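Undergrad: Got a file for you: work.txt, compact mmCIF, C-alpha atoms.
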# COMPACT_ATOMS: atom_id res chain seq x y z
CA MET G 272 9.10 12.69 75.64
CA LEU G 273 10.94 12.26 78.91
CA TRP G 274 11.01 9.09 81.00
CA PRO G 275 9.63 9.27 84.59
CA PHE G 276 12.97 10.09 86.21
CA GLU G 277 14.64 11.74 83.23
CA LYS G 278 15.62 15.40 83.35
CA LYS G 279 16.35 17.67 80.43
CA GLY G 280 20.00 17.73 79.43
CA GLN G 281 20.81 14.59 81.42
CA THR G 282 20.92 10.94 80.50
CA LEU G 283 18.22 8.72 81.94
CA LEU G 284 20.77 6.77 83.98
CA ASN G 285 22.28 9.95 85.40
CA SER G 286 18.85 11.36 86.27
CA TYR G 287 17.89 8.08 87.86
CA TRP G 288 21.10 7.95 89.87
CA GLN G 289 20.57 11.53 91.08
CA PHE G 290 17.01 10.67 92.09
CA LEU G 291 18.26 7.65 94.05
CA ARG G 292 20.87 9.75 95.80
CA ALA G 293 18.96 12.93 96.51
CA GLY G 294 15.48 11.45 96.77
CA PRO G 295 12.25 13.05 95.66
CA GLU G 296 11.28 16.64 96.18
CA ILE G 297 9.10 17.19 99.24
CA ILE G 298 6.06 19.42 99.04
CA SER G 299 5.13 20.60 102.52
CA ALA G 300 1.41 21.01 103.02
CA SER G 301 -0.16 22.39 106.15
CA ILE G 302 -3.89 22.01 106.02
CA SER G 303 -6.52 23.59 108.23
CA PRO G 304 -10.29 24.04 107.72
CA GLN G 305 -9.63 27.57 106.42
CA GLU G 306 -6.66 27.13 104.10
CA LEU G 307 -4.01 24.96 102.52
CA ASN G 308 -0.43 26.19 102.54
CA LEU G 309 1.93 24.54 100.11
CA SER G 310 5.67 25.09 100.11
CA TRP G 311 8.47 23.75 97.99
CA ILE G 312 11.55 23.79 100.16
CA LYS G 313 15.12 22.75 99.54
CA LYS G 314 18.07 22.51 101.86
CA ASN G 315 21.59 23.39 100.89
CA LYS G 316 23.70 20.44 101.95
CA LYS G 317 26.84 22.52 102.50
CA THR G 318 25.49 25.67 104.15
CA LYS G 319 22.48 23.87 105.63
CA ILE G 320 20.38 26.92 104.86
CA ILE G 321 16.78 26.25 103.99
CA ASP G 322 15.71 27.68 100.68
CA ILE G 323 12.03 28.37 100.16
CA LYS G 324 11.65 27.86 96.44
CA SER G 325 7.95 28.42 96.28
CA HIS G 326 5.01 29.02 98.55
CA LYS G 327 1.32 29.22 97.83
CA LYS G 328 -1.81 29.60 99.90
CA PHE G 329 -5.19 28.20 98.87
CA LEU G 330 -8.29 29.27 100.74
CA PHE G 331 -11.16 26.88 101.28
CA LYS G 332 -14.27 28.86 100.47
CA ASN G 333 -16.71 26.05 99.81
CA LEU G 334 -16.27 23.77 102.84
CA GLU G 335 -13.74 21.60 101.03
CA PHE G 336 -12.06 20.75 104.30
CA GLU G 337 -14.78 21.42 106.84
CA LYS G 338 -14.05 20.05 110.32
CA SER G 339 -10.77 18.60 108.99
CA ILE G 340 -12.61 16.13 106.81
CA VAL G 341 -11.74 16.01 103.15
CA PHE G 342 -15.06 16.78 101.48
CA ASN G 343 -13.65 17.67 98.09
CA PRO G 344 -10.63 15.49 97.39
CA THR G 345 -10.66 16.41 93.70
CA LYS G 346 -10.10 20.06 94.46
CA ILE G 347 -7.48 19.49 97.13
CA SER G 348 -5.58 17.02 94.92
CA SER G 349 -5.80 19.50 92.03
CA PHE G 350 -4.17 22.14 94.31
CA LEU G 351 -1.35 19.74 94.97
CA LYS G 352 -0.98 18.73 91.34
CA ASN G 353 -1.10 22.29 90.06
CA PHE G 354 1.49 23.41 92.60
CA ALA G 355 3.84 20.62 91.48
CA LYS G 356 3.15 21.42 87.84
CA GLU G 357 3.64 25.18 88.22
CA ASN G 358 7.01 24.66 89.85
CA SER G 359 7.83 21.77 87.47
CA ILE G 360 8.54 19.46 90.39
CA LYS G 361 9.08 15.94 89.17
CA ASN G 362 8.89 12.87 91.41
CA ALA G 363 7.38 14.79 94.28
CA THR G 364 6.15 13.47 97.60
CA PHE G 365 4.24 15.42 100.18
CA ALA G 366 4.42 15.87 103.91
CA ILE G 367 1.18 17.06 105.43
CA SER G 368 0.28 18.51 108.79
CA ILE G 369 -3.32 18.61 109.84
CA CYS G 370 -5.00 20.79 112.40
CA GLY G 371 -8.66 20.93 113.19
CA PRO G 372 -11.37 19.37 115.30
CA THR G 373 -10.79 15.79 114.15
CA ILE G 374 -7.28 15.85 115.54
CA PHE G 375 -6.85 14.99 119.19
CA GLU G 376 -3.93 16.71 120.93
CA LYS G 377 -2.94 16.84 124.58
CA ILE G 378 0.03 17.72 126.75
CA LEU G 379 0.25 15.24 129.59
CA THR G 380 2.42 15.32 132.69
CA LEU G 381 3.45 11.90 133.93
CA SER G 382 5.52 10.75 136.86
CA THR G 383 7.79 8.65 134.65
CA SER G 384 9.90 9.65 131.66
CA THR G 385 9.58 6.22 130.09
CA PRO G 386 5.90 5.35 130.14
CA GLU G 387 4.37 2.40 128.37
CA LYS G 388 1.47 2.82 125.97
CA LYS G 389 -0.98 1.53 128.57
CA ASP G 390 0.09 4.34 130.95
CA LEU G 391 -1.18 6.81 128.35
CA ASN G 392 -4.41 4.98 127.81
CA LEU G 393 -6.87 7.83 127.58
CA LYS G 394 -10.56 7.44 126.82
CA GLU G 395 -10.28 9.83 123.89
CA LEU G 396 -7.63 7.69 122.22
CA LYS G 397 -10.02 4.80 121.69
CA ASN G 398 -10.51 4.03 117.99
CA LEU G 399 -7.81 6.57 117.11
CA LYS G 400 -4.46 6.11 115.49
CA TRP G 401 -2.32 7.80 118.08
CA ASP G 402 1.24 8.34 119.16
CA TYR G 403 3.18 10.29 121.75
CA THR G 404 6.53 11.97 122.21
CA TYR G 405 8.52 12.99 125.22
CA LEU G 406 8.88 16.76 125.45
CA GLY G 407 11.02 17.14 128.55
CA PRO G 408 11.00 17.46 132.31
CA SER G 409 8.16 19.55 133.64
CA VAL G 410 8.82 22.84 135.41
CA LYS G 411 6.86 21.55 138.38
CA ASN G 412 7.12 17.81 138.90
CA GLY G 413 7.10 14.95 136.43
CA PHE G 414 7.66 14.71 132.72
CA GLU G 415 5.70 16.25 129.89
CA PHE G 416 4.45 14.29 126.92
CA TYR G 417 2.72 15.37 123.78
CA ILE G 418 -0.01 12.95 122.68
CA CYS G 419 -1.87 13.19 119.43
CA GLY G 420 -4.22 11.00 117.46
CA MET G 421 -6.55 10.98 114.54
CA LYS G 422 -9.37 8.81 113.27
CA ARG G 423 -8.28 6.00 111.05
CA GLU G 424 -10.81 6.88 108.36
CA ILE G 425 -9.43 10.45 108.20
CA LEU G 426 -5.94 9.05 107.84
CA PHE G 427 -7.20 6.82 105.08
CA GLN G 428 -8.65 9.89 103.35
CA TYR G 429 -5.18 11.43 103.11
CA LYS G 430 -3.76 8.22 101.73
CA LEU G 431 -6.49 8.23 99.09
CA LEU G 432 -5.74 11.89 98.43
CA GLY G 433 -2.14 10.89 97.74
CA ILE G 434 -3.29 8.20 95.32
CA LYS G 435 -5.69 10.60 93.60
CA SER G 436 -3.11 13.33 93.15
CA GLY G 437 -0.39 10.86 92.17
CA ILE G 438 1.87 12.35 94.85
CA LYS G 439 2.85 9.93 97.55
CA PRO G 440 2.47 11.09 101.18
CA VAL G 441 5.53 10.35 103.29
CA VAL G 442 4.58 12.25 106.43
CA ILE G 443 1.12 12.71 107.93
CA THR G 444 1.31 14.41 111.29
CA THR G 445 -0.06 17.26 113.36
CA ALA G 446 0.97 20.88 112.96
CA LYS G 447 2.44 20.90 116.45
CA THR G 448 4.81 18.00 115.68
CA ALA G 449 6.09 19.91 112.64
CA GLN G 450 6.47 23.08 114.71
CA ILE G 451 8.44 21.24 117.40
CA GLU G 452 10.70 19.92 114.63
CA PHE G 453 11.21 23.48 113.38
CA TYR G 454 11.92 24.62 116.94
CA LYS G 455 14.63 21.95 117.16
CA TYR G 456 16.07 23.19 113.88
CA LEU G 457 16.04 26.80 115.08
CA LYS G 458 17.87 25.95 118.26
CA GLY G 459 20.32 23.68 116.49
CA GLU G 460 23.02 22.39 118.81
CA ASN G 461 21.61 24.50 121.64
CA PHE G 462 18.36 22.58 121.71
CA ARG G 463 17.47 21.43 125.22
CA GLN G 464 14.28 19.60 126.09
CA ASN G 465 13.75 21.43 129.40
CA GLN G 466 14.05 24.74 127.55
CA LEU G 467 11.43 23.51 125.07
CA VAL G 468 9.06 22.78 127.97
CA ILE G 469 9.71 26.21 129.46
CA ASP G 470 9.14 27.91 126.11
CA LEU G 471 5.95 25.90 125.60
CA GLN G 472 4.64 26.92 129.01
CA ASN G 473 5.55 30.55 128.44
CA SER G 474 3.68 30.54 125.16
CA ASN G 475 0.78 28.70 126.74
CA TYR G 476 1.60 25.68 124.58
CA ASN G 477 1.12 27.68 121.42
CA ILE G 478 4.54 26.98 119.96
CA GLN G 479 3.74 28.97 116.84
CA SER G 480 3.90 32.18 118.82
CA ILE G 481 7.53 31.51 119.71
CA PHE G 482 8.59 31.94 116.12
CA THR G 483 8.85 35.58 115.08
CA PRO G 484 9.37 36.52 111.42
CA GLU G 485 12.85 37.73 112.33
CA THR G 486 13.94 34.43 113.91
CA ILE G 487 12.57 32.49 110.96
CA ALA G 488 14.15 34.83 108.41
CA LYS G 489 17.55 34.29 109.97
CA LYS G 490 17.50 30.59 109.13
CA ILE G 491 15.91 30.62 105.73
CA LYS G 492 16.53 32.00 102.29
CA LEU G 493 13.55 33.45 100.49
CA ASN G 494 12.95 34.10 96.84
CA GLN G 495 12.18 37.78 96.29
CA ASN G 496 9.13 36.86 94.25
CA ILE G 497 7.47 35.10 97.13
CA GLU G 498 8.70 37.28 99.99
CA ALA G 499 5.70 39.61 99.79
CA GLU G 500 3.29 36.73 99.55
CA ILE G 501 4.78 35.04 102.57
CA LYS G 502 4.91 37.97 104.96
CA GLU G 503 1.64 37.16 106.66
CA ASP G 504 2.27 33.43 106.67
CA TYR G 505 5.57 33.32 108.53
CA PRO G 506 4.19 31.17 111.34
CA LEU G 507 2.74 28.78 108.81
CA LEU G 508 6.08 28.68 107.07
CA ALA G 509 7.51 27.32 110.32
CA THR G 510 5.09 24.40 110.12
CA ASN G 511 5.99 23.73 106.49
CA ILE G 512 9.71 23.84 107.19
CA GLY G 513 9.16 21.47 110.11
CA LEU G 514 7.31 19.13 107.77
CA PHE G 515 10.12 19.35 105.24
CA LEU G 516 12.63 18.50 107.97
CA LEU G 517 10.52 15.54 109.09
CA GLY G 518 10.24 14.30 105.52
CA ASN G 519 13.96 14.73 104.99
CA LYS G 520 14.70 12.52 107.98
CA LEU G 521 13.07 9.49 106.35
CA MET X 232 12.62 12.97 120.91
CA LYS X 233 10.50 10.72 118.81
CA ASP X 234 8.95 12.12 115.63
CA ILE X 235 5.25 11.50 115.26
CA ASN X 236 4.23 10.23 111.85
CA PHE X 237 0.91 8.48 111.40
CA ILE X 238 2.11 6.61 108.35
CA ASN X 239 5.26 4.62 107.92
CA ASN X 240 5.78 5.23 104.23
CA GLN X 241 9.25 5.35 102.81
CA LYS X 242 10.49 7.80 100.25
CA PRO X 243 10.26 6.39 96.71
CA ASN X 244 14.04 6.49 96.21
CA LYS X 245 14.57 4.53 99.45
CA GLU X 246 11.90 2.06 98.37
CA ILE X 247 13.71 1.62 95.06
CA LEU X 248 17.06 1.31 96.85
CA ASN X 249 15.58 -1.28 99.21
CA TRP X 250 14.09 -3.08 96.24
CA ILE X 251 17.50 -3.03 94.52
CA LYS X 252 19.18 -4.26 97.72
CA VAL X 253 16.68 -7.10 98.16
CA SER X 254 16.94 -7.97 94.46
CA LEU X 255 20.74 -7.99 94.64
CA LEU X 256 20.62 -10.07 97.78
CA LEU X 257 18.25 -12.52 96.12
CA ILE X 258 20.44 -12.60 93.01
CA VAL X 259 23.53 -13.25 95.14
CA ILE X 260 21.70 -15.96 97.10
CA THR X 261 20.44 -17.51 93.84
CA ILE X 262 23.92 -17.39 92.29
CA CYS X 263 25.45 -18.88 95.44
CA THR X 264 22.84 -21.64 95.57
CA MET X 265 23.18 -22.33 91.86
CA SER X 266 26.97 -22.37 92.08
CA ILE X 267 26.86 -24.69 95.11
CA ILE X 268 24.51 -27.05 93.26
CA THR X 269 26.59 -26.82 90.07
CA VAL X 270 29.88 -27.37 91.90
CA LYS X 271 28.36 -30.36 93.68
CA GLN X 272 27.17 -31.77 90.38
CA LEU X 273 30.53 -31.08 88.73
CA LEU X 274 32.30 -32.83 91.58
CA LYS X 275 29.93 -35.75 91.20
CA ILE X 276 30.54 -35.82 87.44
CA SER X 277 34.30 -35.74 87.92
CA ALA X 278 34.06 -38.53 90.49
CA ILE X 279 31.93 -40.60 88.09
CA LYS X 280 34.39 -39.89 85.24
CA GLN X 281 37.27 -40.99 87.45
CA GLU X 282 35.35 -44.14 88.32
CA ILE X 283 34.62 -44.78 84.62
CA ARG X 284 38.32 -44.28 83.82
CA GLU X 285 39.25 -46.80 86.52
CA TYR X 286 36.66 -49.25 85.29
CA THR X 287 37.76 -48.89 81.64
CA TYR X 288 41.35 -49.49 82.72
CA LYS X 289 40.23 -52.52 84.71
CA LYS X 290 38.08 -53.66 81.79
CA GLU X 291 41.04 -53.42 79.40
CA ASN X 292 43.09 -55.50 81.80
CA LEU X 293 40.20 -57.89 82.11
CA ASN X 294 39.93 -58.21 78.33
CA ASP X 295 43.63 -58.95 78.09
CA ALA X 296 43.31 -61.47 80.89
CA LEU X 297 40.29 -63.03 79.20
CA LYS X 298 42.17 -63.26 75.88
CA LYS X 299 45.09 -64.83 77.67
CA LYS X 300 42.77 -67.17 79.49
CA ASN X 301 41.10 -68.24 76.23
CA ASN X 302 44.46 -68.75 74.56
CA LEU X 303 45.65 -70.74 77.51
CA LYS X 304 42.45 -72.77 77.45
CA LYS X 305 42.98 -73.52 73.78
CA GLN X 306 46.57 -74.42 74.41
CA GLN X 307 45.53 -76.53 77.37
CA LYS X 308 42.98 -78.35 75.21
CA LYS X 309 45.58 -78.90 72.52
CA LEU X 310 48.10 -80.13 75.05
CA LYS X 311 45.51 -82.34 76.65
CA LYS X 312 44.73 -83.83 73.28
CA GLN X 313 48.38 -84.47 72.68
CA TYR X 314 48.82 -85.79 76.19
CA ASP X 315 45.83 -88.08 75.77
CA ALA X 316 47.11 -89.32 72.45
CA ILE X 317 50.52 -90.01 73.99
CA ASN X 318 48.92 -91.75 76.92
CA LYS X 319 46.73 -93.75 74.60
CA LEU X 320 49.71 -94.72 72.59
CA LYS X 321 51.59 -95.49 75.76
CA SER X 322 48.80 -97.55 77.30
CA THR X 323 47.79 -99.50 74.17
CA PRO X 324 50.52 -101.79 72.76
CA LYS X 325 50.89 -101.90 68.99
CA LYS X 326 48.21 -104.04 67.39
CA SER X 327 50.74 -105.39 64.95
CA PHE X 328 52.44 -107.12 67.84
CA ALA X 329 49.21 -108.81 68.76
CA LEU X 330 48.77 -109.88 65.13
CA LEU X 331 52.28 -111.19 65.02
CA GLU X 332 51.68 -113.07 68.23
CA ASN X 333 48.50 -114.60 66.81
CA ILE X 334 50.25 -115.53 63.56
CA TYR X 335 53.06 -117.04 65.50
CA LYS X 336 50.60 -119.14 67.51
CA VAL X 337 48.98 -120.46 64.35
CA ILE X 338 52.26 -121.65 62.76
CA PRO X 339 52.57 -125.47 63.06
CA GLN X 340 55.67 -127.31 64.28
CA ASN X 341 57.23 -128.27 60.98
CA THR X 342 56.85 -124.79 59.59
CA THR X 343 59.21 -121.89 60.07
CA LEU X 344 58.29 -118.30 59.72
CA LYS X 345 61.21 -116.85 57.88
CA SER X 346 60.12 -113.24 57.67
CA ILE X 347 57.08 -111.12 58.10
CA SER X 348 56.49 -107.55 57.08
CA ILE X 349 53.45 -105.62 58.03
CA THR X 350 52.81 -102.21 56.57
CA LYS X 351 49.73 -100.12 56.83
CA LYS X 352 48.10 -101.82 53.88
CA ASN X 353 49.96 -105.00 53.13
CA ILE X 354 51.26 -108.05 54.85
CA ASN X 355 53.98 -110.32 53.44
CA LEU X 356 54.96 -113.58 54.98
CA GLN X 357 57.78 -115.86 54.02
CA VAL X 358 57.23 -119.32 55.37
CA SER X 359 59.34 -122.42 55.04
CA CYS X 360 57.30 -125.59 55.16
CA PRO X 361 57.47 -129.11 53.72
CA ASP X 362 54.50 -128.91 51.33
CA GLU X 363 51.86 -126.76 49.77
CA LYS X 364 48.98 -128.14 51.82
CA ILE X 365 50.42 -126.85 55.04
CA ALA X 366 51.11 -123.50 53.41
CA ASN X 367 47.51 -123.24 52.22
CA TRP X 368 46.22 -124.30 55.57
CA LEU X 369 48.39 -121.66 57.22
CA ALA X 370 47.21 -119.02 54.75
CA LYS X 371 43.65 -119.94 55.44
CA GLN X 372 44.21 -119.83 59.18
CA ILE X 373 45.85 -116.44 58.98
CA SER X 374 43.25 -115.06 56.60
CA ASP X 375 40.61 -115.89 59.20
CA PHE X 376 42.01 -113.09 61.33
CA PRO X 377 39.77 -110.03 61.07
CA GLN X 378 42.73 -107.73 60.45
CA ILE X 379 43.74 -109.52 57.27
CA LYS X 380 41.99 -110.03 53.94
CA ASN X 381 42.78 -111.49 50.55
CA LEU X 382 45.69 -113.53 51.82
CA LYS X 383 47.08 -115.66 48.99
CA LEU X 384 50.10 -117.71 48.17
CA ALA X 385 52.18 -115.48 45.95
CA SER X 386 55.23 -117.68 45.13
CA ILE X 387 56.92 -120.97 45.92
CA THR X 388 60.63 -121.40 46.00
CA LYS X 389 62.47 -124.65 46.72
CA SER X 390 64.62 -124.43 49.76
CA ASN X 391 67.92 -126.15 50.44
CA ASN X 392 66.65 -128.53 53.11
CA ASN X 393 63.97 -130.51 51.18
CA GLY X 394 61.22 -128.00 51.70
CA PHE X 395 59.66 -125.03 50.07
CA ILE X 396 59.65 -121.37 50.84
CA PHE X 397 56.24 -119.85 50.33
CA ASP X 398 55.55 -116.15 49.92
CA ILE X 399 52.11 -115.33 51.20
CA LYS X 400 50.76 -111.87 50.49
CA GLY X 401 47.63 -110.21 51.68
CA LYS X 402 46.08 -106.94 52.59
CA ILE X 403 45.60 -105.43 56.02
CA ASN X 404 42.01 -104.77 56.77
CA LYS X 405 42.39 -102.78 59.90
CA LEU X 406 44.91 -102.96 62.63
Write the structure described by the file as structure tokens, please.
TA:
Amino acid sequence: MLWPFEKKGQTLLNSYWQFLRAGPEIISASISPQELNLSWIKKNKKTKIIDIKSHKKFLFKNLEFEKSIVFNPTKISSFLKNFAKENSIKNATFAISICGPTIFEKILTLSTSTPEKKDLNLKELKNLKWDYTYLGPSVKNGFEFYICGMKREILFQYKLLGIKSGIKPVVITTAKTAQIEFYKYLKGENFRQNQLVIDLQNSNYNIQSIFTPETIAKKIKLNQNIEAEIKEDYPLLATNIGLFLLGNKL
Amino acid sequence: MKDINFINNQKPNKEILNWIKVSLLLIVITICTMSIITVKQLLKISAIKQEIREYTYKKENLNDALKKKNNLKKQQKKLKKQYDAINKLKSTPKKSFALLENIYKVIPQNTTLKSISITKKNINLQVSCPDEKIANWLAKQISDFPQIKNLKLASITKSNNNGFIFDIKGKINKL
């Protein structure tokens, strides 16, 4: 029998020390009313290349996640648990991005680049847990901000989901936030906020369309086993990598 | 750019590290506090010990001084006794002189006191007088003194000048 942090062929102290240094494995989960995409991603510290260790898609056929509300937490948590078990991921945490009707998202142009929360006081944000981020200077006039929020009870559902599956959530965000993070990663040192705004406008604020399979493939390393499975999900992979990057920042 | 995260959870390893840090900090604080308290107490103990040492040294000196004082007191008492006795002796003349004076007063005109010896217990008189009656009278007179008892004529000897020499012997009652 192995202790919680113990790995085969290693002493408990060594395993524990490695866990403290490297941290837990992050399972990226992008959830939408139609499907749940789970990815196990690792980053090479030297080459900084992202390695997709495993990827799996689960379709919701029985309204498990209808209107972005968790109707069947047992099933969703079993997806998470099984994915961790299949890939023998120990001490995992998960970063989740949600998209659907319960999520409020808006791009707002303001006259100031440093607004206070009361300047962003929208009617829709009432009773929501919300936050905003500065995107960059607008092409026209002003400064663009991305605002998103979600109902507190929905947020609580995900926390409960974490408790039920025994996998702690470290990031709960929107898909767009994760995609922006991946965009930053793609651009690397060349990342400029005004370019981001231009790209967003060109893609009609659908940032997912910016990422082509070729651009993504350049920055990641794929297992041959999962390459075929992933082909259709390249845009979703961007979200999962963004989530992984967000989780890694913590 | 700020990252949007609706929860502010930490990764488990960071939580553990923070827990370890806080625990270590608390341990260090506890050790520091304990050591400060202990050092304070040790300093207090050493100060008390030093005080005790001083007091014991003083006490030893005090005991010596007390012994000396007692000895001196005893010596003083002894000396005082001796001094008093000397003074008493000095102030009170010998009682034998008084007795002699009294005896001398009693002796009539035709009687001569030839010798007198007074010891602690006995008294011997040698008196020259014309006859026995006077000698008896004198013996009786002298024996009336409270210091003398059992005074008797011990012997009669004829003297050269028509008289007699009487030896009167008695005992000293108390001088």
Undergrad: Using only C-alpha atoms, what table do you get, as CSV, when you list each residue of chain G with an atom no more than 8 Å from chain X, its nearest pair of atoms, and their distance in Å rounded to one decimal, rows by chain then rising number?
TA:
residue,atom,partner,partner_atom,distance
G:Phe290,CA,X:Asn244,CA,6.6
G:Leu291,CA,X:Asn244,CA,4.9
G:Arg292,CA,X:Asn244,CA,7.6
G:Gly294,CA,X:Asn244,CA,5.2
G:Pro295,CA,X:Asn244,CA,6.8
G:Thr364,CA,X:Lys242,CA,7.6
G:Lys400,CA,X:Phe237,CA,7.2
G:Trp401,CA,X:Phe237,CA,7.5
G:Asp402,CA,X:Ile235,CA,6.4
G:Tyr403,CA,X:Ile235,CA,6.9
G:Thr404,CA,X:Lys233,CA,5.4
G:Tyr405,CA,X:Met232,CA,5.9
G:Leu406,CA,X:Met232,CA,7.0
G:Leu426,CA,X:Phe237,CA,7.7
G:Pro440,CA,X:Asn240,CA,7.4
G:Val441,CA,X:Asn240,CA,5.2
G:Val442,CA,X:Asn236,CA,5.8
G:Ile443,CA,X:Phe237,CA,5.5
G:Thr444,CA,X:Asn236,CA,5.1
G:Thr448,CA,X:Ile235,CA,6.5
G:Leu517,CA,X:Asp234,CA,7.5
G:Leu521,CA,X:Gln241,CA,6.7
Undergrad: Grab the CA of Lys252 (chain X) to CA of Ile360 (chain G) distance for me, in Å with one decimal place.
TA: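 Going from CA of Lys252 (chain X) over to CA of Ile360 (chain G) covers 27.0 Å.
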Undergrad: How far is it from CA of Gly420 (chain G) to CA of Ile297 (chain G), in Å with one decimal?
TA: 23.4 Å
Undergrad: Got a sec: who's within 7 Å of Ile354 (chain X), counting all atoms listed in the file, leaving out chain neighbours fewer than 6 positions off, as an MDAnalysis selection string?
TA: chainID X and resid 348 400:403
Undergrad: Choose the residue, out of G:Glu485, G:Glu335, G:Glu415, G:Asp504, that has the smallest atom-to-atom separation from Leu467 (chain G); count all atoms listed in the file.
TA: G:Glu415
